[in-house]
file my_file.pdb (PDB, C-alpha atoms and all ligand atoms)
ATOM      1  CA  MET A   1      84.030   6.821  86.976
ATOM      2  CA  THR A   2      87.730   7.169  86.275
ATOM      3  CA  GLN A   3      89.059   9.040  83.308
ATOM      4  CA  PRO A   4      91.789   7.413  81.229
ATOM      5  CA  ALA A   5      95.047   9.188  81.958
ATOM      6  CA  PHE A   6      95.790  10.296  78.434
ATOM      7  CA  LEU A   7      94.740   9.090  75.030
ATOM      8  CA  PRO A   8      97.410   8.188  72.499
ATOM      9  CA  GLY A   9      98.404  11.369  70.707
ATOM     10  CA  SER A  10      97.558  13.509  73.690
ATOM     11  CA  PHE A  11     100.310  15.827  74.758
ATOM     12  CA  GLY A  12      99.542  14.983  78.351
ATOM     13  CA  GLY A  13      99.642  18.569  79.457
ATOM     14  CA  ASP A  14     103.316  18.818  78.573
ATOM     15  CA  THR A  15     103.358  21.750  76.175
ATOM     16  CA  SER A  16     107.082  21.300  75.580
ATOM     17  CA  LYS A  17     106.096  18.397  73.330
ATOM     18  CA  ILE A  18     104.205  20.751  71.033
ATOM     19  CA  SER A  19     106.070  22.656  68.348
ATOM     20  CA  ASP A  20     105.108  26.253  67.669
ATOM     21  CA  ASP A  21     103.372  25.412  64.402
ATOM     22  CA  SER A  22     101.547  22.296  65.636
ATOM     23  CA  GLN A  23      97.812  22.120  65.077
ATOM     24  CA  LEU A  24      95.808  20.508  67.831
ATOM     25  CA  GLU A  25      92.411  18.910  67.638
ATOM     26  CA  CYS A  26      89.794  18.776  70.366
ATOM     27  CA  LYS A  27      89.063  15.141  71.153
ATOM     28  CA  ILE A  28      85.521  16.020  72.188
ATOM     29  CA  CYS A  29      84.210  18.041  69.227
ATOM     30  CA  TRP A  30      87.127  17.869  66.733
ATOM     31  CA  HIS A  31      87.611  21.603  66.724
ATOM     32  CA  VAL A  32      91.116  22.336  65.408
ATOM     33  CA  TYR A  33      93.333  25.028  66.848
ATOM     34  CA  ASP A  34      95.639  26.336  64.116
ATOM     35  CA  PRO A  35      98.417  28.640  65.369
ATOM     36  CA  ALA A  36      98.517  30.320  61.947
ATOM     37  CA  VAL A  37      94.912  31.415  62.465
ATOM     38  CA  GLY A  38      94.710  31.986  66.203
ATOM     39  CA  ASP A  39      91.324  32.016  67.886
ATOM     40  CA  GLU A  40      88.733  34.681  67.267
ATOM     41  CA  TYR A  41      86.555  33.508  70.173
ATOM     42  CA  TRP A  42      89.287  34.116  72.742
ATOM     43  CA  GLN A  43      90.849  36.942  70.728
ATOM     44  CA  ILE A  44      94.061  35.012  70.326
ATOM     45  CA  PRO A  45      96.176  36.668  67.623
ATOM     46  CA  ALA A  46      97.337  34.662  64.618
ATOM     47  CA  GLY A  47     100.779  33.190  65.147
ATOM     48  CA  THR A  48     100.166  32.166  68.771
ATOM     49  CA  PRO A  49     101.448  28.626  69.455
ATOM     50  CA  PHE A  50      99.170  26.318  71.401
ATOM     51  CA  SER A  51     101.743  26.234  74.181
ATOM     52  CA  GLN A  52     101.373  30.018  74.563
ATOM     53  CA  LEU A  53      97.606  29.989  75.024
ATOM     54  CA  PRO A  54      96.489  31.353  78.383
ATOM     55  CA  GLU A  55      95.747  28.863  81.159
ATOM     56  CA  HIS A  56      92.064  29.760  81.121
ATOM     57  CA  TRP A  57      91.775  28.975  77.398
ATOM     58  CA  THR A  58      89.216  26.321  76.573
ATOM     59  CA  CYS A  59      87.793  24.936  73.346
ATOM     60  CA  PRO A  60      85.602  27.638  71.765
ATOM     61  CA  GLU A  61      83.158  24.978  70.580
ATOM     62  CA  CYS A  62      82.661  22.694  73.563
ATOM     63  CA  ASP A  63      84.522  24.340  76.447
ATOM     64  CA  GLY A  64      86.969  21.421  76.546
ATOM     65  CA  ARG A  65      90.197  21.940  78.406
ATOM     66  CA  LYS A  66      93.591  22.386  76.752
ATOM     67  CA  ILE A  67      94.503  18.936  78.007
ATOM     68  CA  ASP A  68      91.671  17.508  75.917
ATOM     69  CA  PHE A  69      93.446  18.531  72.722
ATOM     70  CA  MET A  70      95.591  16.170  70.681
ATOM     71  CA  VAL A  71      98.436  17.000  68.339
ATOM     72  CA  ILE A  72      97.655  16.411  64.669
ATOM     73  CA  ASP A  73     100.534  14.895  62.760
TER      74      ASP A  73
HETATM   75 ZN    ZN A 101      85.927  20.996  71.630
END

call {"tool": "encode", "arguments": {"input": "my_file.pdb", "output": "structure tokens"}}
result
Amino acid sequence: MTQPAFLPGSFGGDTSKISDDSQLECKICWHVYDPAVGDEYWQIPAGTPFSQLPEHWTCPECDGRKIDFMVID
């Protein structure tokens, strides 16, 4: 089974398309990463842009990959 390359709204793994204050939403469980809040699960401090999250970061709710997140307008 082939995965679609990228859904519309996906950043496609190109973090340069994400601004530092962009919120991103997990397309699997709709968990929202808000840079103003950070991520308690991964101990990400508030003020950390999505593009600065470590490579091993995954969705705290469903273990989805960073590439499975979509920018919220
Ligand atoms: Zn998720």

call {"tool": "resolve_selection", "arguments": {"input": "my_file.pdb", "expression": "the PyMOL selection byres (((chain A and resi 44) around 12) and not hetatm)", "output": "PyMOL selection string"}}
result
chain A and resi 33-43+45-50+52-54+57-58+60

call {"tool": "resolve_selection", "arguments": {"input": "my_file.pdb", "expression": "the PyMOL selection byres (((chain A and resi 28) around 8) and not hetatm)", "output": "tab-separated table (two decimals) with C-alpha atoms, in the coordinates of the input"}}
result
chain	number	residue	atom	x	y	z
A	26	CYS	CA	89.79	18.78	70.37
A	27	LYS	CA	89.06	15.14	71.15
A	29	CYS	CA	84.21	18.04	69.23
A	30	TRP	CA	87.13	17.87	66.73
A	62	CYS	CA	82.66	22.69	73.56
A	64	GLY	CA	86.97	21.42	76.55
A	68	ASP	CA	91.67	17.51	75.92

call {"tool": "atom_distance", "arguments": {"input": "my_file.pdb", "atom1": "atom CA of Met70 of chain A", "atom2": "atom CA of Phe11 of chain A"}}
result
6.2 Å

call {"tool": "closest_residue", "arguments": {"input": "my_file.pdb", "among": "A:Asp14, A:Asp21, A:Ser51, A:Asp63", "to": "ligand ZN 101 (chain A)", "atoms": "all atoms listed in the file"}}
result
A:Asp63

call {"tool": "closest_residue", "arguments": {"input": "my_file.pdb", "among": "A:Val71, A:Glu55, A:Thr15, A:Glu25", "to": "ligand ZN 101 (chain A)", "atoms": "only C-alpha atoms and all ligand atoms"}}
result
A:Glu25

call {"tool": "closest_residue", "arguments": {"input": "my_file.pdb", "among": "A:Val32, A:Ser19, A:His56, A:Glu61", "to": "ligand ZN 101 (chain A)", "atoms": "all atoms listed in the file"}}
result
A:Glu61

call {"tool": "closest_residue", "arguments": {"input": "my_file.pdb", "among": "A:Arg65, A:Ser22, A:Ser16, A:Cys59", "to": "ligand ZN 101 (chain A)", "atoms": "all atoms listed in the file"}}
result
A:Cys59

call {"tool": "axis_aligned_box", "arguments": {"input": "my_file.pdb", "around": "segment 44-58 of chain A", "padding_each_side": "6 Å", "output": "JSON"}}
result
{"center_x": 95.5, "center_y": 31.5, "center_z": 72.9, "size_x": 24.5, "size_y": 22.4, "size_z": 28.5}

call {"tool": "closest_residue", "arguments": {"input": "my_file.pdb", "among": "A:Gln23, A:Gly12, A:Ile18, A:Lys66", "to": "ligand ZN 101 (chain A)", "atoms": "all atoms listed in the file"}}
result
A:Lys66

call {"tool": "decode", "arguments": {"input": "my_file.pdb", "residues": "segment 43-57 of chain A", "atoms": "all heavy atoms", "output": "PDB file, in the first residue's frame"}}
result
ATOM      1  N   GLN A  43       9.478  17.386  27.106  1.00  0.00           N
ATOM      2  CA  GLN A  43      10.222  18.410  27.827  1.00  0.00           C
ATOM      3  C   GLN A  43      10.811  19.444  26.872  1.00  0.00           C
ATOM      4  O   GLN A  43      11.986  19.814  26.963  1.00  0.00           O
ATOM      5  CB  GLN A  43      11.316  17.773  28.700  1.00  0.00           C
ATOM      6  CG  GLN A  43      10.724  16.790  29.728  1.00  0.00           C
ATOM      7  CD  GLN A  43      11.766  16.274  30.715  1.00  0.00           C
ATOM      8  OE1 GLN A  43      12.911  16.047  30.360  1.00  0.00           O
ATOM      9  NE2 GLN A  43      11.362  16.082  31.955  1.00  0.00           N
ATOM     10  N   ILE A  44       9.970  19.884  25.958  1.00  0.00           N
ATOM     11  CA  ILE A  44      10.348  20.942  25.038  1.00  0.00           C
ATOM     12  C   ILE A  44       9.951  22.274  25.671  1.00  0.00           C
ATOM     13  O   ILE A  44       8.776  22.470  25.996  1.00  0.00           O
ATOM     14  CB  ILE A  44       9.627  20.784  23.680  1.00  0.00           C
ATOM     15  CG1 ILE A  44       9.893  19.404  23.060  1.00  0.00           C
ATOM     16  CG2 ILE A  44      10.030  21.910  22.733  1.00  0.00           C
ATOM     17  CD1 ILE A  44      11.331  19.142  22.679  1.00  0.00           C
ATOM     18  N   PRO A  45      10.887  23.177  25.883  1.00  0.00           N
ATOM     19  CA  PRO A  45      10.546  24.437  26.542  1.00  0.00           C
ATOM     20  C   PRO A  45       9.647  25.321  25.683  1.00  0.00           C
ATOM     21  O   PRO A  45       9.730  25.280  24.440  1.00  0.00           O
ATOM     22  CB  PRO A  45      11.910  25.101  26.775  1.00  0.00           C
ATOM     23  CG  PRO A  45      12.862  24.433  25.850  1.00  0.00           C
ATOM     24  CD  PRO A  45      12.320  23.062  25.578  1.00  0.00           C
ATOM     25  N   ALA A  46       8.798  26.105  26.347  1.00  0.00           N
ATOM     26  CA  ALA A  46       7.945  27.049  25.637  1.00  0.00           C
ATOM     27  C   ALA A  46       8.808  27.982  24.808  1.00  0.00           C
ATOM     28  O   ALA A  46       9.901  28.362  25.219  1.00  0.00           O
ATOM     29  CB  ALA A  46       7.108  27.835  26.625  1.00  0.00           C
ATOM     30  N   GLY A  47       8.323  28.315  23.628  1.00  0.00           N
ATOM     31  CA  GLY A  47       9.061  29.208  22.741  1.00  0.00           C
ATOM     32  C   GLY A  47       9.894  28.461  21.710  1.00  0.00           C
ATOM     33  O   GLY A  47      10.635  29.072  20.948  1.00  0.00           O
ATOM     34  N   THR A  48       9.793  27.130  21.689  1.00  0.00           N
ATOM     35  CA  THR A  48      10.551  26.336  20.719  1.00  0.00           C
ATOM     36  C   THR A  48       9.753  26.176  19.425  1.00  0.00           C
ATOM     37  O   THR A  48       8.675  25.581  19.439  1.00  0.00           O
ATOM     38  CB  THR A  48      10.870  24.936  21.285  1.00  0.00           C
ATOM     39  OG1 THR A  48      11.548  25.069  22.529  1.00  0.00           O
ATOM     40  CG2 THR A  48      11.727  24.140  20.309  1.00  0.00           C
ATOM     41  N   PRO A  49      10.239  26.730  18.308  1.00  0.00           N
ATOM     42  CA  PRO A  49       9.531  26.547  17.037  1.00  0.00           C
ATOM     43  C   PRO A  49       9.507  25.081  16.617  1.00  0.00           C
ATOM     44  O   PRO A  49      10.421  24.319  16.962  1.00  0.00           O
ATOM     45  CB  PRO A  49      10.377  27.354  16.032  1.00  0.00           C
ATOM     46  CG  PRO A  49      11.292  28.200  16.842  1.00  0.00           C
ATOM     47  CD  PRO A  49      11.479  27.502  18.153  1.00  0.00           C
ATOM     48  N   PHE A  50       8.480  24.723  15.865  1.00  0.00           N
ATOM     49  CA  PHE A  50       8.376  23.346  15.386  1.00  0.00           C
ATOM     50  C   PHE A  50       9.640  22.923  14.636  1.00  0.00           C
ATOM     51  O   PHE A  50      10.101  21.791  14.754  1.00  0.00           O
ATOM     52  CB  PHE A  50       7.149  23.215  14.473  1.00  0.00           C
ATOM     53  CG  PHE A  50       6.817  21.785  14.109  1.00  0.00           C
ATOM     54  CD1 PHE A  50       6.061  20.992  14.958  1.00  0.00           C
ATOM     55  CD2 PHE A  50       7.256  21.239  12.908  1.00  0.00           C
ATOM     56  CE1 PHE A  50       5.759  19.670  14.625  1.00  0.00           C
ATOM     57  CE2 PHE A  50       6.954  19.918  12.563  1.00  0.00           C
ATOM     58  CZ  PHE A  50       6.204  19.142  13.428  1.00  0.00           C
ATOM     59  N   SER A  51      10.190  23.857  13.886  1.00  0.00           N
ATOM     60  CA  SER A  51      11.373  23.538  13.074  1.00  0.00           C
ATOM     61  C   SER A  51      12.593  23.218  13.942  1.00  0.00           C
ATOM     62  O   SER A  51      13.561  22.639  13.451  1.00  0.00           O
ATOM     63  CB  SER A  51      11.695  24.704  12.132  1.00  0.00           C
ATOM     64  OG  SER A  51      11.911  25.898  12.869  1.00  0.00           O
ATOM     65  N   GLN A  52      12.532  23.611  15.241  1.00  0.00           N
ATOM     66  CA  GLN A  52      13.668  23.370  16.125  1.00  0.00           C
ATOM     67  C   GLN A  52      13.496  22.103  16.967  1.00  0.00           C
ATOM     68  O   GLN A  52      14.375  21.771  17.768  1.00  0.00           O
ATOM     69  CB  GLN A  52      13.851  24.563  17.070  1.00  0.00           C
ATOM     70  CG  GLN A  52      14.165  25.866  16.352  1.00  0.00           C
ATOM     71  CD  GLN A  52      15.498  25.824  15.649  1.00  0.00           C
ATOM     72  OE1 GLN A  52      16.507  25.433  16.228  1.00  0.00           O
ATOM     73  NE2 GLN A  52      15.510  26.181  14.378  1.00  0.00           N
ATOM     74  N   LEU A  53      12.373  21.421  16.791  1.00  0.00           N
ATOM     75  CA  LEU A  53      12.169  20.190  17.556  1.00  0.00           C
ATOM     76  C   LEU A  53      13.205  19.153  17.152  1.00  0.00           C
ATOM     77  O   LEU A  53      13.603  19.098  15.986  1.00  0.00           O
ATOM     78  CB  LEU A  53      10.759  19.641  17.293  1.00  0.00           C
ATOM     79  CG  LEU A  53       9.598  20.478  17.846  1.00  0.00           C
ATOM     80  CD1 LEU A  53       8.267  19.904  17.360  1.00  0.00           C
ATOM     81  CD2 LEU A  53       9.637  20.557  19.352  1.00  0.00           C
ATOM     82  N   PRO A  54      13.642  18.345  18.103  1.00  0.00           N
ATOM     83  CA  PRO A  54      14.646  17.326  17.782  1.00  0.00           C
ATOM     84  C   PRO A  54      14.118  16.317  16.769  1.00  0.00           C
ATOM     85  O   PRO A  54      12.915  16.106  16.657  1.00  0.00           O
ATOM     86  CB  PRO A  54      14.937  16.666  19.131  1.00  0.00           C
ATOM     87  CG  PRO A  54      13.791  17.020  20.021  1.00  0.00           C
ATOM     88  CD  PRO A  54      13.250  18.328  19.532  1.00  0.00           C
ATOM     89  N   GLU A  55      15.031  15.701  16.038  1.00  0.00           N
ATOM     90  CA  GLU A  55      14.658  14.755  14.980  1.00  0.00           C
ATOM     91  C   GLU A  55      13.837  13.587  15.517  1.00  0.00           C
ATOM     92  O   GLU A  55      13.001  13.036  14.823  1.00  0.00           O
ATOM     93  CB  GLU A  55      15.914  14.218  14.287  1.00  0.00           C
ATOM     94  CG  GLU A  55      16.506  15.176  13.271  1.00  0.00           C
ATOM     95  CD  GLU A  55      15.483  15.600  12.220  1.00  0.00           C
ATOM     96  OE1 GLU A  55      14.816  14.712  11.654  1.00  0.00           O
ATOM     97  OE2 GLU A  55      15.347  16.801  11.973  1.00  0.00           O
ATOM     98  N   HIS A  56      14.102  13.211  16.756  1.00  0.00           N
ATOM     99  CA  HIS A  56      13.414  12.045  17.320  1.00  0.00           C
ATOM    100  C   HIS A  56      12.038  12.412  17.866  1.00  0.00           C
ATOM    101  O   HIS A  56      11.325  11.543  18.357  1.00  0.00           O
ATOM    102  CB  HIS A  56      14.274  11.411  18.416  1.00  0.00           C
ATOM    103  CG  HIS A  56      14.537  12.329  19.581  1.00  0.00           C
ATOM    104  ND1 HIS A  56      15.699  13.048  19.695  1.00  0.00           N
ATOM    105  CD2 HIS A  56      13.786  12.664  20.649  1.00  0.00           C
ATOM    106  CE1 HIS A  56      15.639  13.776  20.810  1.00  0.00           C
ATOM    107  NE2 HIS A  56      14.493  13.575  21.397  1.00  0.00           N
ATOM    108  N   TRP A  57      11.663  13.696  17.780  1.00  0.00           N
ATOM    109  CA  TRP A  57      10.371  14.120  18.320  1.00  0.00           C
ATOM    110  C   TRP A  57       9.244  13.467  17.539  1.00  0.00           C
ATOM    111  O   TRP A  57       9.274  13.410  16.302  1.00  0.00           O
ATOM    112  CB  TRP A  57      10.263  15.650  18.250  1.00  0.00           C
ATOM    113  CG  TRP A  57       9.051  16.199  18.940  1.00  0.00           C
ATOM    114  CD1 TRP A  57       8.956  16.570  20.246  1.00  0.00           C
ATOM    115  CD2 TRP A  57       7.751  16.445  18.355  1.00  0.00           C
ATOM    116  NE1 TRP A  57       7.680  17.034  20.505  1.00  0.00           N
ATOM    117  CE2 TRP A  57       6.922  16.966  19.376  1.00  0.00           C
ATOM    118  CE3 TRP A  57       7.215  16.269  17.080  1.00  0.00           C
ATOM    119  CZ2 TRP A  57       5.588  17.322  19.151  1.00  0.00           C
ATOM    120  CZ3 TRP A  57       5.892  16.614  16.852  1.00  0.00           C
ATOM    121  CH2 TRP A  57       5.091  17.140  17.887  1.00  0.00           C
TER     122      TRP A  57
END
